[in-house]
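**Q** Just target18.csv, nothing more (CSV, C-alpha atoms and all ligand atoms):
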chain,number,residue,atom,x,y,z
A,1,MET,CA,-1.4,-5.9,-19.3
A,2,GLU,CA,-0.8,-6.3,-15.5
A,3,ARG,CA,-0.2,-9.8,-14.4
A,4,VAL,CA,-1.7,-11.3,-11.3
A,5,LEU,CA,-1.1,-14.5,-9.4
A,6,VAL,CA,-4.0,-15.9,-7.3
A,7,THR,CA,-2.9,-18.8,-5.1
A,8,GLY,CA,-5.7,-21.0,-3.8
A,9,ALA,CA,-7.5,-20.3,-7.1
A,10,GLY,CA,-9.1,-23.7,-6.9
A,11,GLY,CA,-10.8,-22.8,-3.6
A,12,PHE,CA,-13.9,-20.8,-2.8
A,13,ILE,CA,-12.7,-17.2,-2.5
A,14,GLY,CA,-9.8,-17.7,-5.0
A,15,HIS,CA,-12.2,-18.9,-7.7
A,16,HIS,CA,-14.5,-15.9,-7.3
A,17,LEU,CA,-11.5,-13.5,-7.2
A,18,VAL,CA,-10.1,-14.9,-10.5
A,19,LYS,CA,-13.4,-14.2,-12.2
A,20,PHE,CA,-13.5,-10.7,-10.8
A,21,LEU,CA,-10.0,-9.9,-11.9
A,22,LYS,CA,-10.6,-11.3,-15.4
A,23,LYS,CA,-13.6,-9.0,-15.6
A,24,HIS,CA,-11.4,-6.1,-14.6
A,25,GLY,CA,-9.0,-6.8,-17.5
A,26,TYR,CA,-6.0,-8.5,-15.7
A,27,TRP,CA,-3.9,-11.4,-17.0
A,28,VAL,CA,-4.4,-14.0,-14.2
A,29,ARG,CA,-2.4,-17.0,-13.2
A,30,GLY,CA,-4.2,-19.4,-10.8
A,31,VAL,CA,-2.3,-21.9,-8.7
A,32,ASP,CA,-3.7,-24.6,-6.4
A,33,ARG,CA,-3.2,-28.2,-5.6
A,34,LYS,CA,-6.7,-28.9,-7.0
A,35,HIS,CA,-9.0,-27.5,-9.7
A,36,PRO,CA,-12.1,-25.6,-8.7
A,37,GLU,CA,-14.7,-28.2,-7.8
A,38,PHE,CA,-17.9,-26.7,-9.2
A,39,GLU,CA,-17.1,-24.6,-12.3
A,40,LYS,CA,-14.4,-24.4,-14.9
A,41,THR,CA,-11.7,-21.9,-14.1
A,42,SER,CA,-11.4,-18.7,-16.1
A,43,ASP,CA,-7.7,-17.9,-15.5
A,44,ASP,CA,-5.3,-17.4,-18.4
A,45,ASP,CA,-2.9,-19.9,-16.9
A,46,PHE,CA,-4.0,-22.4,-14.2
A,47,LYS,CA,-1.3,-24.6,-12.6
A,48,ILE,CA,-1.7,-27.5,-10.3
A,49,SER,CA,1.2,-27.1,-7.8
A,50,ASP,CA,2.0,-27.7,-4.2
A,51,LEU,CA,3.0,-24.4,-2.7
A,52,ARG,CA,4.6,-26.0,0.4
A,53,GLU,CA,7.6,-26.4,-2.0
A,54,SER,CA,9.8,-23.4,-2.4
A,55,LYS,CA,10.6,-24.1,-6.0
A,56,ASN,CA,6.9,-24.2,-6.9
A,57,CYS,CA,6.4,-20.8,-5.3
A,58,MET,CA,9.3,-19.4,-7.2
A,59,LYS,CA,7.8,-20.6,-10.5
A,60,ALA,CA,4.4,-19.3,-9.6
A,61,CYS,CA,5.7,-15.8,-9.0
A,62,LYS,CA,7.7,-15.5,-12.2
A,63,ARG,CA,6.8,-12.4,-14.2
A,64,ILE,CA,4.0,-11.5,-11.8
A,65,ASP,CA,3.1,-7.9,-10.7
A,66,TYR,CA,0.5,-8.6,-8.0
A,67,VAL,CA,0.1,-11.6,-5.7
A,68,TYR,CA,-3.1,-12.5,-3.8
A,69,GLN,CA,-2.0,-15.3,-1.4
A,70,LEU,CA,-5.1,-17.3,-0.6
A,71,ALA,CA,-3.7,-20.8,-0.5
A,72,ALA,CA,-4.2,-22.4,2.9
A,73,ASP,CA,-5.0,-25.7,4.6
A,74,MET,CA,-8.3,-24.7,6.2
A,75,GLY,CA,-11.8,-25.7,7.0
A,76,GLY,CA,-14.7,-25.1,9.4
A,77,ILE,CA,-14.4,-25.2,13.2
A,78,GLY,CA,-14.4,-29.0,13.3
A,79,TYR,CA,-11.4,-29.2,10.9
A,80,ILE,CA,-9.3,-26.5,12.5
A,81,THR,CA,-10.0,-27.8,16.0
A,82,GLU,CA,-8.9,-31.3,15.1
A,83,TYR,CA,-5.8,-30.6,13.0
A,84,HIS,CA,-3.3,-28.3,14.7
A,85,ALA,CA,0.1,-29.7,13.6
A,86,PRO,CA,-0.6,-30.3,9.9
A,87,VAL,CA,-2.4,-27.0,9.5
A,88,THR,CA,0.4,-25.1,11.2
A,89,ARG,CA,3.1,-26.8,9.2
A,90,ASN,CA,1.4,-26.6,5.8
A,91,ASN,CA,0.4,-23.0,6.1
A,92,ALA,CA,3.7,-21.8,7.5
A,93,LEU,CA,5.5,-23.5,4.7
A,94,ILE,CA,3.2,-21.9,2.1
A,95,ASN,CA,3.3,-18.4,3.6
A,96,LEU,CA,7.1,-18.3,4.1
A,97,HIS,CA,8.0,-19.7,0.7
A,98,MET,CA,5.4,-17.4,-1.0
A,99,LEU,CA,6.8,-14.3,0.7
A,100,GLU,CA,10.4,-15.2,-0.3
A,101,ALA,CA,9.3,-16.0,-3.9
A,102,ALA,CA,7.4,-12.7,-4.2
A,103,HIS,CA,10.4,-10.7,-2.9
A,104,THR,CA,12.9,-12.6,-5.1
A,105,ASN,CA,10.8,-12.1,-8.2
A,106,ASN,CA,10.3,-8.3,-7.5
A,107,VAL,CA,6.5,-8.6,-7.2
A,108,LYS,CA,5.0,-5.1,-6.8
A,109,LYS,CA,2.3,-5.9,-4.3
A,110,TYR,CA,1.5,-8.9,-2.1
A,111,LEU,CA,-1.8,-9.4,-0.3
A,112,PHE,CA,-2.0,-12.0,2.5
A,113,THR,CA,-5.4,-13.4,3.6
A,114,SER,CA,-5.5,-13.6,7.4
A,115,SER,CA,-8.5,-14.4,9.6
A,116,ALA,CA,-10.6,-13.4,12.5
A,117,CYS,CA,-9.1,-16.5,14.2
A,118,ILE,CA,-6.1,-14.4,15.1
A,119,TYR,CA,-8.1,-12.4,17.7
A,120,PRO,CA,-7.6,-13.2,21.4
A,121,GLN,CA,-10.0,-15.9,22.7
A,122,TYR,CA,-10.3,-14.0,26.0
A,123,LEU,CA,-12.2,-11.2,24.1
A,124,GLN,CA,-14.7,-13.7,22.6
A,125,ASN,CA,-16.1,-15.6,25.6
A,126,LYS,CA,-19.5,-14.0,25.6
A,127,ALA,CA,-22.3,-14.2,22.9
A,128,ASP,CA,-22.6,-10.4,23.0
A,129,ALA,CA,-18.8,-9.8,22.7
A,130,LYS,CA,-17.7,-6.4,21.6
A,131,ALA,CA,-17.0,-6.1,17.8
A,132,LEU,CA,-13.2,-6.8,17.3
A,133,LYS,CA,-11.0,-3.9,16.2
A,134,GLU,CA,-7.7,-4.4,14.4
A,135,GLU,CA,-5.7,-3.3,17.5
A,136,ASP,CA,-7.4,-5.9,19.7
A,137,ALA,CA,-5.1,-8.6,18.3
A,138,TYR,CA,-2.5,-8.0,21.0
A,139,PRO,CA,-1.8,-9.3,23.7
A,140,ALA,CA,-2.3,-12.3,21.6
A,141,ASP,CA,-4.3,-15.4,22.4
A,142,ALA,CA,-5.2,-16.7,19.0
A,143,GLU,CA,-7.1,-19.8,18.0
A,144,PRO,CA,-4.7,-22.8,18.5
A,145,GLY,CA,-3.0,-23.9,15.3
A,146,TYR,CA,-4.7,-22.1,12.4
A,147,GLY,CA,-5.0,-18.7,14.2
A,148,TRP,CA,-1.5,-18.6,15.6
A,149,GLU,CA,0.0,-19.5,12.2
A,150,LYS,CA,-2.1,-16.7,10.6
A,151,LEU,CA,-0.8,-14.2,13.2
A,152,PHE,CA,2.8,-15.3,12.6
A,153,ALA,CA,2.3,-15.0,8.8
A,154,GLU,CA,0.9,-11.4,9.3
A,155,LEU,CA,4.1,-10.5,11.1
A,156,ALA,CA,6.3,-12.2,8.5
A,157,SER,CA,4.5,-10.2,5.8
A,158,GLN,CA,5.2,-7.0,7.7
A,159,TYR,CA,8.8,-7.9,8.2
A,160,TYR,CA,9.2,-8.4,4.4
A,161,ARG,CA,7.8,-4.9,3.9
A,162,GLN,CA,10.1,-3.4,6.6
A,163,ASP,CA,13.3,-5.1,5.6
A,164,TYR,CA,12.9,-5.6,1.8
A,165,GLY,CA,10.3,-3.0,0.8
A,166,LEU,CA,7.8,-5.6,-0.6
A,167,LYS,CA,4.4,-3.8,-0.5
A,168,THR,CA,2.4,-6.2,1.6
A,169,TYR,CA,-1.3,-6.0,2.5
A,170,ILE,CA,-3.1,-8.0,5.2
A,171,VAL,CA,-6.8,-8.7,5.3
A,172,ARG,CA,-8.6,-10.4,8.2
A,173,PHE,CA,-11.6,-12.2,6.9
A,174,HIS,CA,-14.7,-12.8,9.1
A,175,ASN,CA,-16.8,-15.7,7.8
A,176,ILE,CA,-17.0,-15.3,4.1
A,177,PHE,CA,-19.8,-17.3,2.5
A,178,GLY,CA,-21.6,-17.8,-0.9
A,179,PRO,CA,-22.1,-20.2,-3.7
A,180,GLN,CA,-19.2,-22.4,-5.0
A,181,GLY,CA,-17.9,-23.0,-1.5
A,182,THR,CA,-17.4,-26.4,0.1
A,183,TYR,CA,-20.7,-27.5,1.6
A,184,GLU,CA,-19.9,-31.1,2.8
A,185,GLY,CA,-17.1,-33.4,3.8
A,186,GLY,CA,-15.9,-31.7,7.0
A,187,ARG,CA,-14.2,-28.5,5.6
A,188,GLU,CA,-17.5,-26.6,5.2
A,189,LYS,CA,-18.3,-23.5,7.3
A,190,SER,CA,-21.5,-23.0,9.3
A,191,PRO,CA,-23.7,-21.2,6.6
A,192,ALA,CA,-22.9,-23.9,4.0
A,193,ALA,CA,-23.4,-26.7,6.6
A,194,ILE,CA,-26.8,-25.3,7.7
A,195,CYS,CA,-28.0,-24.8,4.1
A,196,ARG,CA,-27.1,-28.4,3.3
A,197,LYS,CA,-28.8,-29.8,6.4
A,198,ILE,CA,-32.0,-27.8,5.7
A,199,ALA,CA,-32.0,-28.6,2.0
A,200,LEU,CA,-31.8,-32.3,2.8
A,201,ALA,CA,-34.4,-32.1,5.6
A,202,LYS,CA,-38.1,-32.5,5.1
A,203,ASP,CA,-40.6,-29.9,6.3
A,204,GLY,CA,-41.0,-30.6,10.1
A,205,ASP,CA,-37.7,-32.5,10.4
A,206,ALA,CA,-35.0,-31.9,13.1
A,207,ILE,CA,-31.4,-31.1,12.2
A,208,THR,CA,-28.3,-31.2,14.4
A,209,ILE,CA,-26.7,-27.9,15.3
A,210,TRP,CA,-23.2,-27.8,16.8
A,211,GLY,CA,-23.2,-26.2,20.2
A,212,ASP,CA,-26.1,-24.7,22.1
A,213,GLY,CA,-27.1,-22.4,19.1
A,214,LYS,CA,-26.4,-19.3,21.2
A,215,GLN,CA,-22.9,-18.6,19.9
A,216,THR,CA,-22.8,-15.5,17.7
A,217,ARG,CA,-21.0,-14.7,14.4
A,218,SER,CA,-21.1,-12.2,11.6
A,219,TYR,CA,-21.1,-13.3,7.9
A,220,CYS,CA,-20.0,-11.5,4.8
A,221,TYR,CA,-21.1,-12.3,1.3
A,222,ILE,CA,-18.4,-13.3,-1.3
A,223,ASP,CA,-19.1,-10.5,-3.8
A,224,ASP,CA,-18.5,-7.9,-1.1
A,225,CYS,CA,-15.4,-9.7,0.0
A,226,VAL,CA,-13.8,-9.7,-3.4
A,227,GLU,CA,-14.6,-6.0,-3.9
A,228,GLY,CA,-13.0,-5.3,-0.5
A,229,ILE,CA,-9.7,-7.0,-1.1
A,230,TYR,CA,-9.4,-5.4,-4.6
A,231,ARG,CA,-9.8,-2.0,-3.0
A,232,LEU,CA,-7.3,-2.8,-0.3
A,233,ILE,CA,-4.5,-3.8,-2.7
A,234,GLN,CA,-5.0,-0.5,-4.6
A,235,SER,CA,-4.6,1.5,-1.3
A,236,ASP,CA,-1.6,2.6,0.6
A,237,TYR,CA,-2.8,0.9,3.8
A,238,HIS,CA,-0.3,-1.8,4.9
A,239,ASN,CA,-1.5,-2.7,8.4
A,240,PRO,CA,-4.0,-5.5,9.0
A,241,MET,CA,-7.6,-4.7,8.1
A,242,ASN,CA,-10.9,-6.5,9.0
A,243,LEU,CA,-13.2,-7.5,6.2
A,244,GLY,CA,-16.6,-8.7,7.3
A,245,GLN,CA,-20.1,-7.7,8.1
A,246,GLY,CA,-20.8,-6.0,11.4
A,247,ARG,CA,-24.2,-7.7,11.9
A,248,LEU,CA,-24.1,-10.3,14.7
A,249,VAL,CA,-26.5,-13.3,14.6
A,250,THR,CA,-26.7,-16.4,16.7
A,251,ILE,CA,-26.4,-19.8,15.0
A,252,ASP,CA,-30.0,-20.4,15.9
A,253,GLU,CA,-31.0,-17.2,14.1
A,254,LEU,CA,-29.0,-18.3,11.1
A,255,VAL,CA,-30.9,-21.6,11.1
A,256,GLU,CA,-34.2,-19.7,11.2
A,257,ILE,CA,-33.3,-17.4,8.3
A,258,VAL,CA,-32.3,-20.4,6.1
A,259,ALA,CA,-35.4,-22.4,7.2
A,260,LYS,CA,-37.6,-19.4,6.1
A,261,ILE,CA,-35.8,-19.3,2.7
A,262,ALA,CA,-36.4,-23.0,2.3
A,263,GLY,CA,-40.0,-22.6,3.3
A,264,LYS,CA,-39.6,-25.4,6.0
A,265,THR,CA,-40.3,-25.7,9.7
A,266,ILE,CA,-37.1,-27.1,11.2
A,267,THR,CA,-36.5,-28.3,14.8
A,268,LYS,CA,-33.0,-27.8,16.2
A,269,ASN,CA,-31.2,-30.6,18.0
A,270,HIS,CA,-28.3,-29.0,19.8
A,271,ASP,CA,-25.2,-31.2,20.1
A,272,ILE,CA,-22.9,-29.6,22.8
A,273,SER,CA,-20.3,-32.3,22.4
A,274,LYS,CA,-19.2,-30.8,19.0
A,275,PRO,CA,-16.6,-28.0,18.8
A,276,LEU,CA,-18.3,-24.6,18.7
A,277,GLY,CA,-15.3,-22.2,18.7
A,278,VAL,CA,-15.5,-19.0,20.6
A,279,MET,CA,-18.8,-17.9,22.1
A,280,GLY,CA,-19.1,-14.6,20.2
A,281,ARG,CA,-17.2,-12.9,17.4
A,282,ASN,CA,-18.1,-9.8,15.5
A,283,ALA,CA,-16.1,-7.6,13.1
A,284,ASP,CA,-15.6,-3.9,13.6
A,285,ILE,CA,-15.3,-2.7,10.0
A,286,SER,CA,-15.0,1.1,10.6
A,287,LEU,CA,-11.3,1.0,9.4
A,288,ALA,CA,-12.3,-0.4,6.0
A,289,LYS,CA,-15.1,2.1,5.7
A,290,LYS,CA,-12.7,5.0,6.5
A,291,VAL,CA,-9.7,3.9,4.5
A,292,LEU,CA,-11.4,2.1,1.5
A,293,GLY,CA,-14.9,3.6,1.5
A,294,TRP,CA,-15.9,0.0,1.6
A,295,GLU,CA,-18.8,-1.6,3.3
A,296,PRO,CA,-20.9,-4.8,2.6
A,297,LYS,CA,-23.8,-4.2,0.3
A,298,VAL,CA,-25.4,-7.7,0.3
A,299,LEU,CA,-27.9,-8.4,3.1
A,300,LEU,CA,-27.3,-11.6,5.0
A,301,GLU,CA,-30.8,-12.8,3.9
A,302,LYS,CA,-30.1,-12.1,0.3
A,303,GLY,CA,-26.6,-13.8,0.4
A,304,LEU,CA,-28.1,-16.9,2.2
A,305,GLU,CA,-30.9,-17.2,-0.3
A,306,ILE,CA,-28.4,-17.3,-3.2
A,307,THR,CA,-26.2,-19.8,-1.3
A,308,TYR,CA,-29.1,-22.0,-0.3
A,309,ARG,CA,-30.4,-22.2,-3.9
A,310,TRP,CA,-27.0,-23.1,-5.2
A,311,ILE,CA,-26.4,-25.9,-2.6
A,312,GLU,CA,-29.9,-27.2,-3.2
A,313,ALA,CA,-29.1,-27.3,-7.0
A,314,GLN,CA,-25.9,-29.2,-6.3
A,315,LEU,CA,-27.7,-31.7,-4.2
A,316,LEU,CA,-30.3,-32.2,-6.9
A,317,LYS,CA,-27.6,-32.6,-9.5
A,318,THR,CA,-25.8,-35.2,-7.5
A,319,GLY,CA,-29.0,-37.2,-6.9
A,320,ARG,CA,-29.3,-36.5,-3.2
A,321,LEU,CA,-32.5,-34.6,-3.4
A,401,LIG,N1,-13.8,-18.4,3.9
A,401,LIG,C1,-13.6,-17.7,5.1
A,401,LIG,O1,-14.6,-17.4,5.8
A,401,LIG,C2,-12.2,-17.3,5.5
A,401,LIG,C3,-12.1,-16.8,6.8
A,401,LIG,C4,-10.8,-16.4,7.3
A,401,LIG,C5,-9.7,-16.6,6.4
A,401,LIG,N2,-9.9,-17.1,5.2
A,401,LIG,C6,-8.7,-17.3,4.4
A,401,LIG,O2,-8.9,-17.0,3.0
A,401,LIG,C7,-8.2,-17.8,2.2
A,401,LIG,C8,-9.1,-18.5,1.2
A,401,LIG,O3,-10.1,-19.2,1.9
A,401,LIG,P1,-11.3,-20.1,1.2
A,401,LIG,O4,-12.5,-19.9,2.0
A,401,LIG,O5,-11.3,-19.8,-0.3
A,401,LIG,O6,-10.7,-21.6,1.5
A,401,LIG,P2,-10.6,-22.8,0.5
A,401,LIG,O7,-10.2,-24.0,1.3
A,401,LIG,O8,-11.8,-22.9,-0.4
A,401,LIG,O9,-9.3,-22.4,-0.5
A,401,LIG,C9,-8.0,-22.5,-0.1
A,401,LIG,C10,-7.3,-23.2,-1.3
A,401,LIG,O10,-5.9,-23.4,-0.9
A,401,LIG,C11,-5.5,-24.6,-1.6
A,401,LIG,N3,-4.3,-25.1,-1.0
A,401,LIG,C12,-4.2,-25.7,0.3
A,401,LIG,N4,-2.9,-26.2,0.4
A,401,LIG,C13,-2.2,-25.9,-0.7
A,401,LIG,C14,-0.9,-26.2,-1.2
A,401,LIG,N5,0.0,-26.8,-0.4
A,401,LIG,N6,-0.6,-25.8,-2.4
A,401,LIG,C15,-1.5,-25.1,-3.2
A,401,LIG,N7,-2.7,-24.9,-2.9
A,401,LIG,C16,-3.1,-25.2,-1.6
A,401,LIG,C17,-6.7,-25.6,-1.4
A,401,LIG,O11,-6.6,-26.6,-2.3
A,401,LIG,C18,-7.9,-24.6,-1.6
A,401,LIG,O12,-8.4,-24.7,-2.9
A,401,LIG,C19,-7.4,-18.8,3.0
A,401,LIG,O13,-6.1,-18.3,3.3
A,401,LIG,C20,-8.2,-18.8,4.3
A,401,LIG,O14,-7.4,-19.2,5.4
A,401,LIG,C21,-11.1,-17.5,4.7
Please, can you express the file's structure as structure tokens?
Ligand SMILES: NC(=O)c1ccc[n+]([C@@H]2O[C@H](COP(=O)([O-])OP(=O)(O)OC[C@H]3O[C@@H](n4cnc5c(N)ncnc54)[C@H](O)[C@@H]3O)[C@@H](O)[C@H]2O)c1
**A**
Amino acid sequence: MERVLVTGAGGFIGHHLVKFLKKHGYWVRGVDRKHPEFEKTSDDDFKISDLRESKNCMKACKRIDYVYQLAADMGGIGYITEYHAPVTRNNALINLHMLEAAHTNNVKKYLFTSSACIYPQYLQNKADAKALKEEDAYPADAEPGYGWEKLFAELASQYYRQDYGLKTYIVRFHNIFGPQGTYEGGREKSPAAICRKIALAKDGDAITIWGDGKQTRSYCYIDDCVEGIYRLIQSDYHNPMNLGQGRLVTIDELVEIVAKIAGKTITKNHDISKPLGVMGRNADISLAKKVLGWEPKVLLEKGLEITYRWIEAQLLKTGRL
């Protein structure tokens, strides 16, 4: 049986990935500094461990064939705008120690999860910005802190492949969302934050939206994401690849879609003092289509409906609704 390590298995994408890999017959070790928050883990071997420590990465990679490196100190735009130094330090330590541990333990394949935040800010200053292609990454002008570290870790992964022959894969996620993700506390992303605010609002209430609501993004549902990275690690493609959905929506449109799902009329109070990130960001996914035959199957409306119902159920369960 092939043995897989998923780091960040206590987090949103990692938890879904572990379930997917178990269904596909792998032996899975999950490592994180916390357990999954909302559901019991299904790994064969789950370890609580801090991957900023080299010795812990070495232990995690023992007798492992494939590594999916998802562990990261991350959050929504508020979080990554506020914390540059700790995010850079924590993630650089995790990524460098994990690469070295994978190489030392003769891991066969290593997948690194990068981000749309590596793309130059100068290409994203208009709401109708052109969809980002992989080669647009340079000349670099990444998101401060989080984005620059991801770009550095992409390069480090490529150097380990060039110098040591470690088969590395690099995926750039563009706003992945779905159930079992953080929806409160400051690390949540825009779809989860909007679902929570609308679930807690009464019909006719106003909710606060960060920015002027005109900033645009594209969102990809978690099931499509997990399928995409699984296909990538089976391929022979080693350069960075976008994974997202090429449909651009404004934040105001996102609010309208969720309000419709909730069956509520919602007024938007725009708070332009809050961090809003780049003005427009979309994913060009033609490379993934060509190389992996992959494209997202879940419509934004469908994915948001599932996510909204799940967040609503969590709020009910914890007595807030
Ligand atoms: N969700 C997205 O839209 C998105 C977008 C771009 C990139 N990514 C990347 O995908 C990966 C997974 O993201 P996610 O959305 O599941 O985030 P998440 O925050 O839910 O999961 C990350 C996990 O890493 C763990 N972690 C952090 N520091 C650790 C440490 N020192 N040791 C061990 N574990 C540690 C956290 O506890 C968390 O459970 C991350 O690398 C993230 O940067 C995600």
**Q** So which residues touch A:Tyr68 within 8 Å, counting only C-alpha atoms, skipping near sequence neighbours fewer than 4 positions away, as number ranges by chain?
**A** A: 4-7, 110-113
**Q** Residues within 9 Å of ligand LIG 401 (chain A), counting only C-alpha atoms and all ligand atoms: report them as a ChimeraX atom specification.
**A** /A:7-16,31-37,48-53,56,69-76,90-91,93-94,112-117,146,150,171-177,180-182,187-189,219-220,222
**Q** Could you check how far atom CA of A:Arg247 sits from atom CA of A:Ala131, in Å to one decimal?
**A**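 For atom CA of A:Arg247 relative to atom CA of A:Ala131, the distance reads 9.4 Å.
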**Q** Of the candidates A:Leu299, A:Val226, A:Ala102, A:Leu200, which shows the shortest atom-to-atom distance to A:Lys62, using only C-alpha atoms?
**A** A:Ala102
**Q** Give the answer as one residue: which of A:Glu149, A:Asp212, A:Asp141, A:Glu227 has the shortest atom-to-atom distance to A:Val18, using all atoms listed in the file?
**A**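 Closest residue, counting all atoms listed in the file: A:Glu227.
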**Q** Tell me which of A:Val249, A:Ala192, A:Val278, A:Leu232 sits closest to A:Gly293, counting only C-alpha atoms.
**A** A:Leu232
**Q** In Å, how far is it from atom CA of A:Arg217 to atom CA of A:Gly185?
**A** 21.8 Å
**Q** Which residue is closest to A:Phe20? Choose from A:Lys108, A:Thr41, A:Trp210, A:Arg161 and count all atoms listed in the file.
**A**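 Under the stated criterion, the closest residue is A:Thr41.
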**Q** Of the candidates A:Leu132, A:Leu321, A:Ile233, A:Leu276, which shows the shortest atom-to-atom distance to A:Leu248, using only C-alpha atoms?
**A**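 Looking at the shortest contact to A:Leu248, the residue is A:Leu132.
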**Q** Quote the spacing between atom CA of A:Gly280 and atom CA of A:Ile209 in Å to one decimal place.
**A**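 For atom CA of A:Gly280 relative to atom CA of A:Ile209, the distance reads 16.1 Å.
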**Q** Might you pull out every residue within 10 Å of A:Glu135, with all atoms listed in the file counted and same-chain residues fewer than 5 positions away left off, and present them as a tab-separated table (two decimals) with C-alpha atoms, keeping the file's coordinate frame?
**A**
chain	number	residue	atom	x	y	z
A	119	TYR	CA	-8.10	-12.40	17.70
A	240	PRO	CA	-4.00	-5.50	9.00
A	241	MET	CA	-7.60	-4.70	8.10
**Q** What's around A:Gly25 at 10 Å? Count only C-alpha atoms, leave out sequence neighbours fewer than 4 positions away in its own chain, and write the answer as a JSON list (two decimals) with C-alpha atoms, keeping the file's coordinate frame.
**A**
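Output file part_9.json is given in full below:
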[["chain", "number", "residue", "atom", "x", "y", "z"],
["A", 1, "MET", "CA", -1.40, -5.90, -19.30],
["A", 2, "GLU", "CA", -0.80, -6.30, -15.50],
["A", 3, "ARG", "CA", -0.20, -9.80, -14.40],
["A", 20, "PHE", "CA", -13.50, -10.70, -10.80],
["A", 21, "LEU", "CA", -10.00, -9.90, -11.90]]
**Q** Name the closest residue to A:Asp128 among the candidates A:Asn105, A:Ala262, A:Ser218, A:Lys297; distances are taken between atoms, counting all atoms listed in the file.
**A**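 Looking only at the distances to A:Asp128, the closest residue turns out to be A:Ser218.
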**Q** Which residues are close to A:Ala129, i.e. within 12 Å by only C-alpha atoms, leaving aside same-chain residues fewer than 4 positions away? Reply as a list in words.
**A**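 Those residues are Pro120, Gln121, Tyr122, Leu123, Gln124, Asn125, Lys133, Gln215, Thr216, Arg217, Ser218, Leu248, Val249, Thr250, Val278, Met279, Gly280, Arg281, Asn282, Ala283 and Asp284 of chain A.
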**Q** Please give the centre and size of the box around stretch 187-197 of chain A (axis-aligned, containing every atom listed in the file, 4 Å added per side), with values in Å to one decimal and written as JSON.
**A**
{"center_x": -21.5, "center_y": -25.5, "center_z": 6.3, "size_x": 22.6, "size_y": 16.6, "size_z": 14.0}
